[in-house]
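Trainee: entry23.cif is reproduced in full below (mmCIF, C-alpha atoms).
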```
data_entry
loop_
_atom_site.group_PDB
_atom_site.id
_atom_site.type_symbol
_atom_site.label_atom_id
_atom_site.label_comp_id
_atom_site.auth_asym_id
_atom_site.auth_seq_id
_atom_site.Cartn_x
_atom_site.Cartn_y
_atom_site.Cartn_z
ATOM 1 C CA MET A 731 53.056 -40.924 -22.573
ATOM 2 C CA ASN A 732 50.669 -39.442 -25.100
ATOM 3 C CA ILE A 733 47.703 -37.952 -23.222
ATOM 4 C CA GLN A 734 44.994 -39.056 -25.666
ATOM 5 C CA PHE A 735 46.341 -42.568 -25.615
ATOM 6 C CA LYS A 736 46.499 -42.650 -21.865
ATOM 7 C CA LYS A 737 42.929 -41.436 -21.657
ATOM 8 C CA GLY A 738 41.690 -44.309 -23.777
ATOM 9 C CA VAL A 739 43.602 -46.809 -21.697
ATOM 10 C CA LEU A 740 42.251 -45.263 -18.524
ATOM 11 C CA GLU A 741 38.718 -45.725 -19.850
ATOM 12 C CA LEU A 742 39.433 -49.363 -20.502
ATOM 13 C CA CYS A 743 40.851 -49.835 -17.003
ATOM 14 C CA VAL A 744 37.939 -48.171 -15.229
ATOM 15 C CA LEU A 745 35.324 -50.087 -17.226
ATOM 16 C CA SER A 746 37.202 -53.305 -16.697
ATOM 17 C CA LEU A 747 37.335 -52.837 -12.921
ATOM 18 C CA LEU A 748 33.632 -52.010 -12.815
ATOM 19 C CA ASP A 749 32.903 -55.175 -14.772
ATOM 20 C CA LYS A 750 33.961 -57.215 -11.742
ATOM 21 C CA ARG A 751 32.087 -55.318 -9.050
ATOM 22 C CA ASP A 752 30.786 -51.885 -8.046
ATOM 23 C CA TYR A 753 33.398 -49.437 -6.810
ATOM 24 C CA TYR A 754 33.306 -46.014 -5.250
ATOM 25 C CA GLY A 755 35.475 -43.277 -6.715
ATOM 26 C CA TYR A 756 38.318 -43.414 -4.247
ATOM 27 C CA GLU A 757 38.677 -47.191 -4.574
ATOM 28 C CA LEU A 758 38.848 -46.943 -8.345
ATOM 29 C CA VAL A 759 41.526 -44.274 -8.159
ATOM 30 C CA GLU A 760 43.446 -46.230 -5.540
ATOM 31 C CA ASN A 761 43.421 -49.474 -7.485
ATOM 32 C CA ILE A 762 44.362 -47.953 -10.814
ATOM 33 C CA SER A 763 47.144 -45.799 -9.466
ATOM 34 C CA ARG A 764 48.648 -48.860 -7.825
ATOM 35 C CA PHE A 765 49.449 -50.110 -11.317
ATOM 36 C CA ILE A 766 49.595 -47.079 -13.588
ATOM 37 C CA GLU A 767 50.864 -43.589 -12.975
ATOM 38 C CA ILE A 768 47.969 -41.149 -13.396
ATOM 39 C CA SER A 769 46.827 -37.789 -12.132
ATOM 40 C CA GLU A 770 44.172 -39.163 -9.893
ATOM 41 C CA GLY A 771 41.909 -36.150 -10.362
ATOM 42 C CA THR A 772 41.220 -37.065 -13.976
ATOM 43 C CA ILE A 773 39.255 -40.195 -13.089
ATOM 44 C CA TYR A 774 36.282 -38.255 -11.762
ATOM 45 C CA PRO A 775 35.600 -36.345 -14.992
ATOM 46 C CA LEU A 776 35.792 -39.682 -16.778
ATOM 47 C CA LEU A 777 33.231 -41.177 -14.409
ATOM 48 C CA ARG A 778 30.942 -38.207 -14.915
ATOM 49 C CA ARG A 779 31.121 -38.673 -18.649
ATOM 50 C CA PHE A 780 30.454 -42.399 -18.296
ATOM 51 C CA ARG A 781 27.365 -41.565 -16.324
ATOM 52 C CA SER A 782 26.056 -38.969 -18.751
ATOM 53 C CA ASP A 783 26.695 -41.381 -21.630
ATOM 54 C CA GLY A 784 24.799 -44.135 -19.846
ATOM 55 C CA TYR A 785 27.792 -46.438 -19.328
ATOM 56 C CA VAL A 786 27.411 -46.471 -15.556
ATOM 57 C CA SER A 787 24.844 -45.568 -12.937
ATOM 58 C CA THR A 788 25.609 -44.281 -9.451
ATOM 59 C CA TYR A 789 24.139 -44.857 -6.025
ATOM 60 C CA LEU A 790 25.030 -43.732 -2.530
ATOM 61 C CA GLU A 791 25.825 -46.181 0.234
ATOM 62 C CA GLU A 792 26.517 -45.457 3.875
ATOM 63 C CA SER A 793 29.887 -46.484 5.221
ATOM 64 C CA GLN A 794 30.922 -47.225 8.801
ATOM 65 C CA GLU A 795 33.428 -44.405 8.729
ATOM 66 C CA GLY A 796 32.815 -40.989 7.277
ATOM 67 C CA PRO A 797 30.418 -39.821 4.574
ATOM 68 C CA PRO A 798 28.300 -42.062 2.306
ATOM 69 C CA ARG A 799 30.211 -43.365 -0.684
ATOM 70 C CA LYS A 800 29.106 -42.787 -4.244
ATOM 71 C CA TYR A 801 29.262 -46.152 -5.965
ATOM 72 C CA TYR A 802 29.499 -46.718 -9.680
ATOM 73 C CA LYS A 803 27.745 -49.628 -11.359
ATOM 74 C CA LEU A 804 28.449 -50.779 -14.912
ATOM 75 C CA LEU A 805 25.402 -50.805 -17.216
ATOM 76 C CA ASP A 806 24.883 -52.877 -20.353
ATOM 77 C CA LYS A 807 25.906 -50.018 -22.602
ATOM 78 C CA GLY A 808 29.168 -49.677 -20.687
ATOM 79 C CA ARG A 809 29.734 -53.411 -20.951
ATOM 80 C CA ASP A 810 29.364 -53.209 -24.732
ATOM 81 C CA VAL A 811 31.905 -50.396 -24.884
ATOM 82 C CA LEU A 812 34.231 -52.387 -22.652
ATOM 83 C CA ASN A 813 34.068 -55.359 -25.011
ATOM 84 C CA ASP A 814 34.904 -53.179 -27.996
ATOM 85 C CA LEU A 815 37.760 -51.452 -26.187
ATOM 86 C CA GLU A 816 39.155 -54.774 -25.035
ATOM 87 C CA ILE A 817 39.245 -56.134 -28.571
ATOM 88 C CA GLU A 818 40.846 -52.922 -29.788
ATOM 89 C CA TRP A 819 43.412 -53.043 -27.007
ATOM 90 C CA GLU A 820 44.360 -56.632 -27.658
ATOM 91 C CA SER A 821 44.865 -56.155 -31.377
ATOM 92 C CA PHE A 822 46.860 -53.019 -30.621
ATOM 93 C CA VAL A 823 49.152 -54.752 -28.156
ATOM 94 C CA ASP A 824 49.453 -57.657 -30.515
ATOM 95 C CA GLY A 825 50.482 -55.336 -33.334
ATOM 96 C CA VAL A 826 53.030 -53.479 -31.223
ATOM 97 C CA ASN A 827 54.523 -56.763 -30.032
ATOM 98 C CA HIS A 828 54.953 -57.910 -33.600
ATOM 99 C CA LEU A 829 56.817 -54.727 -34.398
ATOM 100 C CA LEU A 830 58.946 -54.952 -31.285
ATOM 101 C CA ARG A 831 59.956 -58.506 -32.058
ATOM 102 C CA GLY A 832 60.727 -57.505 -35.599
ATOM 103 C CA ASP A 833 58.742 -60.303 -37.251
ATOM 104 C CA LEU A 834 57.161 -58.458 -40.125
ATOM 105 C CA ASN A 835 56.214 -61.528 -42.138
ATOM 106 C CA ASP A 836 53.233 -62.677 -40.106
ATOM 107 C CA LYS A 837 50.808 -60.046 -41.235
ATOM 108 C CA GLY A 838 50.219 -59.220 -44.877
ATOM 109 C CA MET B 472 47.792 -27.264 -0.960
ATOM 110 C CA THR B 473 44.993 -27.786 1.577
ATOM 111 C CA LYS B 474 41.641 -29.277 0.652
ATOM 112 C CA VAL B 475 39.923 -25.885 0.707
ATOM 113 C CA GLU B 476 42.624 -24.314 -1.424
ATOM 114 C CA TYR B 477 42.478 -27.155 -3.904
ATOM 115 C CA LEU B 478 38.679 -27.075 -4.235
ATOM 116 C CA ASN B 479 38.653 -23.291 -4.580
ATOM 117 C CA ARG B 480 41.300 -23.384 -7.268
ATOM 118 C CA LEU B 481 39.438 -26.081 -9.161
ATOM 119 C CA LYS B 482 36.230 -24.094 -8.836
ATOM 120 C CA SER B 483 37.885 -21.002 -10.281
ATOM 121 C CA PHE B 484 38.531 -22.877 -13.532
ATOM 122 C CA LEU B 485 34.945 -24.085 -13.861
ATOM 123 C CA HIS B 486 33.122 -20.755 -14.074
ATOM 124 C CA TYR B 487 31.732 -21.646 -17.503
ATOM 125 C CA LEU B 488 29.606 -24.458 -16.043
ATOM 126 C CA PRO B 489 26.231 -24.093 -14.310
ATOM 127 C CA GLU B 490 26.502 -23.751 -10.562
ATOM 128 C CA SER B 491 24.682 -26.989 -9.742
ATOM 129 C CA GLU B 492 27.087 -28.869 -11.996
ATOM 130 C CA VAL B 493 30.120 -27.316 -10.296
ATOM 131 C CA ARG B 494 28.742 -28.235 -6.893
ATOM 132 C CA GLU B 495 28.358 -31.862 -7.936
ATOM 133 C CA ILE B 496 31.877 -31.994 -9.332
ATOM 134 C CA LEU B 497 33.383 -30.482 -6.196
ATOM 135 C CA LEU B 498 31.431 -32.950 -4.071
ATOM 136 C CA ASP B 499 33.255 -35.847 -5.745
ATOM 137 C CA TYR B 500 36.623 -34.317 -4.919
ATOM 138 C CA GLU B 501 35.560 -33.472 -1.394
ATOM 139 C CA GLU B 502 34.577 -37.115 -0.880
ATOM 140 C CA HIS B 503 37.984 -38.099 -2.212
ATOM 141 C CA PHE B 504 39.726 -35.817 0.302
ATOM 142 C CA ILE B 505 37.656 -37.086 3.217
ATOM 143 C CA ILE B 506 38.266 -40.759 2.435
ATOM 144 C CA GLY B 507 41.941 -40.074 1.800
ATOM 145 C CA LYS B 508 42.266 -38.473 5.213
ATOM 146 C CA GLU B 509 40.506 -41.423 6.822
ATOM 147 C CA LYS B 510 43.202 -43.596 5.290
ATOM 148 C CA GLY B 511 45.823 -41.455 6.976
ATOM 149 C CA LYS B 512 46.938 -39.204 4.151
ATOM 150 C CA SER B 513 47.542 -35.494 4.556
ATOM 151 C CA GLU B 514 45.578 -32.949 2.546
ATOM 152 C CA ASP B 515 48.790 -31.887 0.892
ATOM 153 C CA GLU B 516 49.541 -35.438 -0.184
ATOM 154 C CA ILE B 517 46.059 -35.956 -1.575
ATOM 155 C CA SER B 518 46.252 -32.676 -3.495
ATOM 156 C CA ARG B 519 49.519 -33.743 -5.066
ATOM 157 C CA GLU B 520 48.149 -37.119 -6.107
ATOM 158 C CA LEU B 521 45.019 -35.594 -7.585
ATOM 159 C CA GLY B 522 47.216 -33.463 -9.810
ATOM 160 C CA ASP B 523 47.234 -29.807 -10.796
ATOM 161 C CA PRO B 524 43.679 -28.370 -10.497
ATOM 162 C CA ARG B 525 44.229 -26.718 -13.859
ATOM 163 C CA GLU B 526 44.897 -30.092 -15.455
ATOM 164 C CA VAL B 527 41.852 -31.604 -13.737
ATOM 165 C CA ALA B 528 39.705 -28.697 -14.922
ATOM 166 C CA GLU B 529 41.047 -29.242 -18.409
ATOM 167 C CA SER B 530 40.001 -32.881 -18.389
ATOM 168 C CA ILE B 531 36.575 -31.856 -17.104
ATOM 169 C CA ARG B 532 36.276 -29.401 -19.968
ATOM 170 C CA SER B 533 37.330 -31.942 -22.551
ATOM 171 C CA SER B 534 34.922 -34.512 -21.153
ATOM 172 C CA TYR B 535 32.140 -31.994 -21.728
ATOM 173 C CA SER B 536 33.021 -31.209 -25.296
ATOM 174 C CA PHE B 537 33.163 -34.958 -25.745
ATOM 175 C CA SER B 538 29.792 -35.998 -24.362
ATOM 176 C CA ASN B 539 27.714 -32.920 -25.093
ATOM 177 C CA LYS B 540 28.372 -32.536 -28.780
ATOM 178 C CA ASN B 541 24.688 -31.906 -29.430
ATOM 179 C CA ASP B 542 24.092 -29.891 -26.315
ATOM 180 C CA THR B 543 24.612 -26.207 -26.934
ATOM 181 C CA SER B 544 24.031 -25.149 -23.351
ATOM 182 C CA TYR B 545 27.626 -25.782 -22.382
ATOM 183 C CA ASN B 546 29.189 -24.046 -25.329
ATOM 184 C CA THR B 547 31.039 -21.068 -23.981
ATOM 185 C CA SER B 548 31.085 -19.390 -27.371
ATOM 186 C CA THR B 549 27.875 -20.103 -29.242
ATOM 187 C CA ASN B 550 28.381 -19.150 -32.828
ATOM 188 C CA LYS B 551 24.737 -19.847 -33.617
ATOM 189 C CA SER B 552 22.609 -16.716 -33.513
ATOM 190 C CA PRO B 553 18.956 -16.517 -34.488
ATOM 191 C CA ASN B 554 18.312 -15.735 -38.115
ATOM 192 C CA ALA B 555 16.419 -12.407 -37.961
ATOM 193 C CA ILE B 556 14.754 -12.607 -41.371
ATOM 194 C CA ILE B 557 13.401 -16.098 -40.832
ATOM 195 C CA LEU B 558 12.317 -15.107 -37.337
ATOM 196 C CA ILE B 559 10.233 -12.155 -38.594
ATOM 197 C CA LEU B 560 8.861 -14.192 -41.476
ATOM 198 C CA LEU B 561 7.840 -16.967 -39.112
ATOM 199 C CA ILE B 562 6.132 -14.568 -36.713
ATOM 200 C CA VAL B 563 4.112 -13.001 -39.525
ATOM 201 C CA MET B 564 3.197 -16.340 -41.084
ATOM 202 C CA ASN B 565 2.264 -17.799 -37.718
ATOM 203 C CA LEU B 566 0.081 -14.798 -36.874
ATOM 204 C CA ILE B 567 -1.742 -14.986 -40.195
ATOM 205 C CA PHE B 568 -2.043 -18.698 -40.844
ATOM 206 C CA VAL B 569 -1.459 -20.560 -37.616
ATOM 207 C CA PHE B 570 -2.858 -18.424 -34.832
ATOM 208 C CA GLY B 571 -6.472 -18.528 -36.068
ATOM 209 C CA PRO B 572 -6.734 -22.305 -36.519
ATOM 210 C CA PHE B 573 -4.862 -22.750 -33.245
ATOM 211 C CA MET B 574 -7.398 -20.700 -31.299
ATOM 212 C CA GLY B 575 -10.194 -22.456 -33.189
ATOM 213 C CA ILE B 576 -8.974 -25.879 -32.136
ATOM 214 C CA VAL B 577 -8.461 -24.735 -28.546
ATOM 215 C CA GLY B 578 -12.039 -23.415 -28.564
ATOM 216 C CA LEU B 579 -13.320 -26.664 -30.020
ATOM 217 C CA LEU B 580 -11.551 -28.708 -27.330
ATOM 218 C CA VAL B 581 -12.915 -26.481 -24.568
ATOM 219 C CA GLY B 582 -16.358 -26.871 -26.142
ATOM 220 C CA PHE B 583 -16.041 -30.655 -26.190
ATOM 221 C CA PHE B 584 -15.054 -30.634 -22.541
ATOM 222 C CA ALA B 585 -18.049 -28.489 -21.632
ATOM 223 C CA ALA B 586 -20.367 -30.709 -23.692
ATOM 224 C CA GLY B 587 -19.047 -33.856 -22.040
ATOM 225 C CA PHE B 588 -19.543 -32.400 -18.568
ATOM 226 C CA GLY B 589 -22.948 -31.044 -19.486
ATOM 227 C CA ILE B 590 -24.202 -34.364 -20.791
ATOM 228 C CA SER B 591 -22.903 -36.169 -17.706
ATOM 229 C CA ILE B 592 -24.593 -33.690 -15.377
ATOM 230 C CA GLY B 593 -27.799 -34.081 -17.374
ATOM 231 C CA GLY B 594 -27.494 -37.831 -16.910
ATOM 232 C CA ILE B 595 -27.073 -37.407 -13.150
ATOM 233 C CA GLY B 596 -30.127 -35.201 -13.094
ATOM 234 C CA LEU B 597 -32.143 -37.783 -14.978
ATOM 235 C CA LEU B 598 -30.887 -40.539 -12.724
ATOM 236 C CA LEU B 599 -32.034 -38.605 -9.661
ATOM 237 C CA ARG B 600 -35.411 -38.161 -11.376
ATOM 238 C CA PHE B 601 -35.439 -34.386 -11.545
ATOM 239 C CA PRO B 602 -38.473 -33.220 -13.465
ATOM 240 C CA VAL B 603 -37.735 -32.833 -17.173
ATOM 241 C CA ASN B 604 -39.038 -29.782 -18.978
ATOM 242 C CA PHE B 605 -39.990 -30.534 -22.592
ATOM 243 C CA ILE B 606 -40.479 -27.040 -23.921
ATOM 244 C CA LEU B 607 -43.809 -26.480 -22.157
ATOM 245 C CA SER B 608 -45.049 -29.461 -20.227
ATOM 246 C CA THR B 609 -43.065 -30.615 -17.257
ATOM 247 C CA PHE B 610 -43.150 -34.312 -16.543
ATOM 248 C CA VAL B 611 -41.303 -36.802 -14.399
ATOM 249 C CA PRO B 612 -40.110 -39.849 -16.391
ATOM 250 C CA GLY B 613 -40.681 -43.344 -15.095
ATOM 251 C CA ILE B 614 -38.018 -44.986 -12.970
ATOM 252 C CA VAL B 615 -36.823 -47.422 -15.635
ATOM 253 C CA THR B 616 -36.578 -44.785 -18.329
ATOM 254 C CA SER B 617 -34.766 -42.275 -16.129
ATOM 255 C CA THR B 618 -32.303 -44.842 -14.789
ATOM 256 C CA ALA B 619 -31.457 -46.217 -18.231
ATOM 257 C CA PHE B 620 -31.169 -42.834 -19.895
ATOM 258 C CA GLY B 621 -29.356 -41.363 -16.886
ATOM 259 C CA ILE B 622 -26.626 -44.007 -16.918
ATOM 260 C CA GLY B 623 -26.437 -43.798 -20.694
ATOM 261 C CA LEU B 624 -25.971 -40.048 -20.662
ATOM 262 C CA ILE B 625 -23.333 -40.176 -17.881
ATOM 263 C CA ALA B 626 -21.386 -42.775 -19.842
ATOM 264 C CA LEU B 627 -21.676 -40.762 -23.029
ATOM 265 C CA GLY B 628 -20.473 -37.624 -21.211
ATOM 266 C CA ILE B 629 -17.471 -39.407 -19.694
ATOM 267 C CA LEU B 630 -16.623 -40.910 -23.083
ATOM 268 C CA ILE B 631 -16.631 -37.462 -24.679
ATOM 269 C CA VAL B 632 -14.411 -36.079 -21.901
ATOM 270 C CA ILE B 633 -11.942 -38.975 -22.286
ATOM 271 C CA ILE B 634 -11.796 -38.584 -26.050
ATOM 272 C CA THR B 635 -11.295 -34.847 -25.616
ATOM 273 C CA ILE B 636 -8.409 -35.440 -23.205
ATOM 274 C CA LEU B 637 -6.747 -37.756 -25.729
ATOM 275 C CA LEU B 638 -7.284 -35.232 -28.514
ATOM 276 C CA SER B 639 -5.859 -32.464 -26.298
ATOM 277 C CA LYS B 640 -2.732 -34.498 -25.628
ATOM 278 C CA LEU B 641 -2.272 -35.159 -29.316
ATOM 279 C CA PHE B 642 -2.808 -31.502 -30.087
ATOM 280 C CA TYR B 643 -0.302 -30.506 -27.406
ATOM 281 C CA LYS B 644 2.318 -32.834 -28.877
ATOM 282 C CA LEU B 645 1.734 -31.436 -32.320
ATOM 283 C CA CYS B 646 2.142 -27.914 -30.963
ATOM 284 C CA VAL B 647 5.419 -28.829 -29.260
ATOM 285 C CA LEU B 648 6.716 -30.381 -32.465
ATOM 286 C CA TYR B 649 5.665 -27.327 -34.408
ATOM 287 C CA VAL B 650 7.397 -24.961 -31.973
ATOM 288 C CA GLN B 651 10.566 -27.087 -32.105
ATOM 289 C CA TRP B 652 10.481 -27.029 -35.878
ATOM 290 C CA ASN B 653 10.153 -23.241 -35.772
ATOM 291 C CA LYS B 654 13.103 -22.969 -33.397
ATOM 292 C CA LYS B 655 15.189 -25.136 -35.667
ATOM 293 C CA LEU B 656 14.389 -22.940 -38.630
ATOM 294 C CA VAL B 657 15.313 -19.780 -36.759
ATOM 295 C CA TYR B 658 18.606 -21.175 -35.477
ATOM 296 C CA SER B 659 19.710 -22.893 -38.648
#
```
Show me this structure written as structure tokens.

Mentor:
Amino acid sequence: MNIQFKKGVLELCVLSLLDKRDYYGYELVENISRFIEISEGTIYPLLRRFRSDGYVSTYLEESQEGPPRKYYKLLDKGRDVLNDLEIEWESFVDGVNHLLRGDLNDKG
Amino acid sequence: MTKVEYLNRLKSFLHYLPESEVREILLDYEEHFIIGKEKGKSEDEISRELGDPREVAESIRSSYSFSNKNDTSYNTSTNKSPNAIILILLIVMNLIFVFGPFMGIVGLLVGFFAAGFGISIGGIGLLLRFPVNFILSTFVPGIVTSTAFGIGLIALGILIVIITILLSKLFYKLCVLYVQWNKKLVYS
């Protein structure tokens, strides 16, 4: 699949997961790669960019096993971006479906 | 690839970033390895799932050029060099026209500070009923007069100091703005 396209979709997926609850990096990677094939290492740069753009904040939390986990929390700015991306995604999928079904009359 | 190998390889592609930044990035991947191992995966497996370090480094690089459009510190090849003519012109102009007034204002602010302190100390002296020397004759003012004037002078002194602090802050901000404007001129 086109890399740029996949990147955008990945953004949508990460933001969407974080909209439900806070995740730490490994959990995010684990959950996304259950459904989509990705190079897992590319999620972390995305998260770093989200943080520097003010989409998410991070905090550390101790865990019973092993080192403290770095959790990511969605901020309002990230939520706004998520809403935009979601709308974009839906109209995109909608458009592709129209084309796939071959009904070209619906849209002018 | 083992965890150490993977992290070292990734690090080798990130030499263009500041060291503290690289350390933070590697920490994320180290955490990923540790948690992965807790869940029973081998280092080799985790490395494979993370993907080629070169590809990861590439996505780190692209995420920087994405988010730091206005930040020149990460540009590996800065094509902006200072404009020598403007730089020299600015230095000369600043020396002639700006340096004098600048020092004048600094002197004025220092003077205000000293005056404020002086007046306050005078007020304290009056309050404690030190003898006052009016040119020739020394006399001790009455208790009511000295208390009233003492408190008044202390308040006046403190007021002057406070106003001077506010003015200094304003002046500092103006200076910062001016320096930034100069920088912009030189680098444009």

Trainee: Using all atoms listed in the file, what does the table of chain A residues within 6 Å of chain B look like, with each row giving the shortest atom pair and its distance in Å to one decimal, sorted by chain and ascending number, as CSV?

Mentor:
```
residue,atom,partner,partner_atom,distance
A:Tyr756,CA,B:His503,CA,5.7
A:Ser769,CA,B:Gly522,CA,4.9
A:Glu770,CA,B:Leu521,CA,4.3
A:Gly771,CA,B:Leu521,CA,4.2
A:Thr772,CA,B:Val527,CA,5.5
A:Pro775,CA,B:Ile531,CA,5.1
```

Trainee: Please evaluate the PyMOL selection byres ((chain B and resi 580) around 10) against the structure above and give the resulting residues as a short mmCIF file (atom, residue, chain, number, x, y, z; two decimals) with C-alpha atoms, keeping the file's coordinate frame.

Mentor:
```
data_model
loop_
_atom_site.label_atom_id
_atom_site.label_comp_id
_atom_site.auth_asym_id
_atom_site.auth_seq_id
_atom_site.Cartn_x
_atom_site.Cartn_y
_atom_site.Cartn_z
CA MET B 574 -7.40 -20.70 -31.30
CA GLY B 575 -10.19 -22.46 -33.19
CA ILE B 576 -8.97 -25.88 -32.14
CA VAL B 577 -8.46 -24.74 -28.55
CA GLY B 578 -12.04 -23.42 -28.56
CA LEU B 579 -13.32 -26.66 -30.02
CA VAL B 581 -12.92 -26.48 -24.57
CA GLY B 582 -16.36 -26.87 -26.14
CA PHE B 583 -16.04 -30.66 -26.19
CA PHE B 584 -15.05 -30.63 -22.54
CA ALA B 585 -18.05 -28.49 -21.63
CA ALA B 586 -20.37 -30.71 -23.69
CA VAL B 632 -14.41 -36.08 -21.90
CA ILE B 634 -11.80 -38.58 -26.05
CA THR B 635 -11.30 -34.85 -25.62
CA ILE B 636 -8.41 -35.44 -23.20
CA LEU B 638 -7.28 -35.23 -28.51
CA SER B 639 -5.86 -32.46 -26.30
CA PHE B 642 -2.81 -31.50 -30.09
#
```

Trainee: Let me know the residues the PyMOL selection byres ((chain A and resi 810) around 12) catches in the file above, as a list in words.

Mentor: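 Output of the PyMOL selection byres ((chain A and resi 810) around 12): Leu742, Leu745, Ser746, Asp749, Gly784, Tyr785, Val786, Leu804, Leu805, Asp806, Lys807, Gly808, Arg809, Val811, Leu812, Asn813, Asp814, Leu815, Glu816 and Ile817 of chain A.
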
Trainee: So the first atom is CA of Gly832 (chain A) and the second is CA of Ile766 (chain A); what is the distance between them in Å, to one decimal place?

Mentor: 26.8 Å

Trainee: Grab the CA of Asp783 (chain A) to CA of Gly738 (chain A) distance for me, in Å with one decimal place.

Mentor: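 CA of Asp783 (chain A) sits 15.4 Å away from CA of Gly738 (chain A).
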
Trainee: Run the PyMOL selection byres ((chain A and resi 755) around 9) on the file and write out the hits as a PDB file with C-alpha atoms, keeping the file's coordinate frame.

Mentor:
```pdb
ATOM      1  CA  TYR A 753      33.398 -49.437  -6.810  1.00  0.00           C
ATOM      2  CA  TYR A 754      33.306 -46.014  -5.250  1.00  0.00           C
ATOM      3  CA  TYR A 756      38.318 -43.414  -4.247  1.00  0.00           C
ATOM      4  CA  GLU A 757      38.677 -47.191  -4.574  1.00  0.00           C
ATOM      5  CA  LEU A 758      38.848 -46.943  -8.345  1.00  0.00           C
ATOM      6  CA  VAL A 759      41.526 -44.274  -8.159  1.00  0.00           C
ATOM      7  CA  GLU A 760      43.446 -46.230  -5.540  1.00  0.00           C
ATOM      8  CA  ILE A 773      39.255 -40.195 -13.089  1.00  0.00           C
ATOM      9  CA  TYR A 774      36.282 -38.255 -11.762  1.00  0.00           C
ATOM     10  CA  LEU A 777      33.231 -41.177 -14.409  1.00  0.00           C
ATOM     11  CA  ARG A 799      30.211 -43.365  -0.684  1.00  0.00           C
ATOM     12  CA  LYS A 800      29.106 -42.787  -4.244  1.00  0.00           C
ATOM     13  CA  TYR A 801      29.262 -46.152  -5.965  1.00  0.00           C
ATOM     14  CA  TYR A 802      29.499 -46.718  -9.680  1.00  0.00           C
TER      15      TYR A 802
ATOM     16  CA  ASP B 499      33.255 -35.847  -5.745  1.00  0.00           C
ATOM     17  CA  GLU B 502      34.577 -37.115  -0.880  1.00  0.00           C
ATOM     18  CA  HIS B 503      37.984 -38.099  -2.212  1.00  0.00           C
TER      19      HIS B 503
END
```

Trainee: Could you give me the centre and size, in Å to one decimal, of an axis-aligned box around all listed atoms of region 617-629 of chain B with 5 Å added on every side, as JSON?

Mentor:
```
{"center_x": -26.1, "center_y": -41.9, "center_z": -18.9, "size_x": 27.3, "size_y": 18.6, "size_z": 18.2}
```

Trainee: Quick one: residues within 12 Å of Leu599 (chain B), all atoms listed in the file, excluding same-chain residues fewer than 5 positions away - as a list in words?

Mentor: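 Contacts, in chain order: Ile592, Gly593, Gly594, Val611, Pro612, Gly613, Ile614, Val615, Thr616, Ser617, Thr618, Ala619, Phe620, Gly621 and Ile622 of chain B.
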
Trainee: May I ask for the distance between CA of Arg779 (chain A) and CA of Glu791 (chain A), given in Å to one decimal place?

Mentor: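 CA of Glu791 (chain A) lies at a distance of 21.0 Å from CA of Arg779 (chain A).
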
Trainee: Might you pull out every residue within 6 Å of Thr473 (chain B), with only C-alpha atoms counted and same-chain residues fewer than 3 positions away left off, and present them as a list in words?

Mentor: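 Listing them by chain and then by number gives Glu476, Glu514 and Asp515 of chain B.
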
Trainee: Could you save the residues just selected, with C-alpha atoms, as a PDB file, in the coordinates of the input?

Mentor:
```pdb
ATOM      1  CA  GLU B 476      42.624 -24.314  -1.424  1.00  0.00           C
ATOM      2  CA  GLU B 514      45.578 -32.949   2.546  1.00  0.00           C
ATOM      3  CA  ASP B 515      48.790 -31.887   0.892  1.00  0.00           C
TER       4      ASP B 515
END
```

Trainee: I'd like to know which of B:His486, B:Arg480, B:Lys474, B:Lys510 is closest to Glu795 (chain A), using only C-alpha atoms.

Mentor: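 Among the listed residues, B:Lys510 lies closest to Glu795 (chain A).
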